[in-house]
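To start, the structure under review is shown below, and the notes come after it.
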Amino acid sequence: MHSRVFVIKKVKDNLDDIIFPDFEDVNKYINGIDYMEISDNFDEDIEWFKSAYKDAITTLGAVHKINKDKFIEALKERRINGIKKAIEILNSKPVDEINEFDLYNAADNLERKYTFLFFYDASMFSENELLDYLQNVGKTEDEFEIIASYDYHF
């Protein structure tokens with residue numbers, strides 16, 4: 001399965017100071033990836049991001065700014081939808097008929113680890129982890145921008 005790692009920086013941060021992820025960063029996070037490389041379809045990746053997070057991003061030329069409040073709302077909505085989907089999966093069968101795939105699928109919807117990943121401030125985040133970070137530690141940051149995307153396969 002293919003997905004993306006989006007590299008995010010604070011708008012005020014200097015691009016020269018940004019650390020970019022490497023294969024080991026992603027492989028430590030999701031053990032067993034086949035490869036990770038800089039995406040050669042950055043514009044398409046931005047469209048993919050927009051389809052997932054609605055109006056949380058504004059593109060002005062080559063700059064892709066993320067509005068923190070709108071992004072948090074989109075991440076919350078995706079978390080809620082993941083919880084609803086997990087409940088739906090677990091309620092779709094009698095308990096004694098739920099198999100390993102059902103459990104994996106429900107857990108994946110809750111954890112949302114195998115969707116987009118975000119590399120920010122030299123750390124890897126899943127959607128849920130980034131939501132928690134932005135609501136707690138990253139409260140002072142208002143605007144971010146996506147500066148790169150990586151294709152990865154697992």
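Naming scheme: A, B, ... for chains in displayed order of the structure tokens; residues 1 onward per chain; ligands 1 onward as shown.
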### Task
Taking the chain letters and numbering used in this document, name the residues of segment 1-119 of chain A that DSSP puts in strand (DSSP E), as a PyMOL selection string.
chain A and resi 2-10+35-38+57-60+63-67+117-119
Filtering to C-alpha atoms, could you give me those residues as a short mmCIF file (atom, residue, chain, number, x, y, z; two decimals), in the first residue's frame?
data_model
loop_
_atom_site.label_atom_id
_atom_site.label_comp_id
_atom_site.auth_asym_id
_atom_site.auth_seq_id
_atom_site.Cartn_x
_atom_site.Cartn_y
_atom_site.Cartn_z
CA HIS A 2 1.27 3.46 -0.89
CA SER A 3 0.89 6.56 1.20
CA ARG A 4 2.69 9.80 1.87
CA VAL A 5 4.83 11.48 4.47
CA PHE A 6 4.23 15.21 4.43
CA VAL A 7 7.07 17.38 5.70
CA ILE A 8 5.64 20.31 7.63
CA LYS A 9 7.40 23.35 9.00
CA LYS A 10 6.37 26.46 10.89
CA TYR A 35 10.86 1.94 0.15
CA MET A 36 10.55 5.64 0.73
CA GLU A 37 11.54 8.30 -1.74
CA ILE A 38 10.85 11.95 -2.39
CA ILE A 57 -4.70 24.23 3.21
CA THR A 58 -4.29 27.30 1.05
CA THR A 59 -2.04 27.21 -1.99
CA LEU A 60 -0.48 30.43 -3.19
CA VAL A 63 3.53 27.82 -0.96
CA HIS A 64 1.09 25.43 0.72
CA LYS A 65 -0.02 26.90 4.05
CA ILE A 66 -1.99 24.90 6.59
CA ASN A 67 -4.49 26.72 8.76
CA LEU A 117 2.28 10.49 8.12
CA PHE A 118 3.67 13.87 9.06
CA PHE A 119 7.29 14.78 9.68
#
### Task
Could you give me, as a count of residues only, the residues within 7 Å of Asp102 of chain A, counting only C-alpha atoms and dropping anything in the same chain fewer than 4 positions from it?
3
### Task
Run DSSP on the backbone of this structure and report the residues of chain A it assigns to alpha helix (DSSP H), as a PyMOL selection string.
chain A and resi 23-29+42-53+68-91+100-111+127-135
### Query
Pick the closest to Tyr53 of chain A from A:Leu130, A:Ala107, A:Leu75, A:Ile33: which is it, counting only C-alpha atoms?
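Residue with the minimum atom-to-atom distance to Tyr53 of chain A: A:Leu75.
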### Task
Work out how far apart atom CA of Lys84 of chain A and atom CA of Phe154 of chain A are and give it in Å to one decimal.
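Atom-to-atom, atom CA of Lys84 of chain A and atom CA of Phe154 of chain A are spaced 25.4 Å apart.
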### Distance query Gln135 of chain A at most 12 Å, only C-alpha atoms, self and fewer than 6 positions along chain excluded, as a VMD selection string
chain A and resid 68 to 69 71 to 73 75 to 76 128 to 129 141 to 142
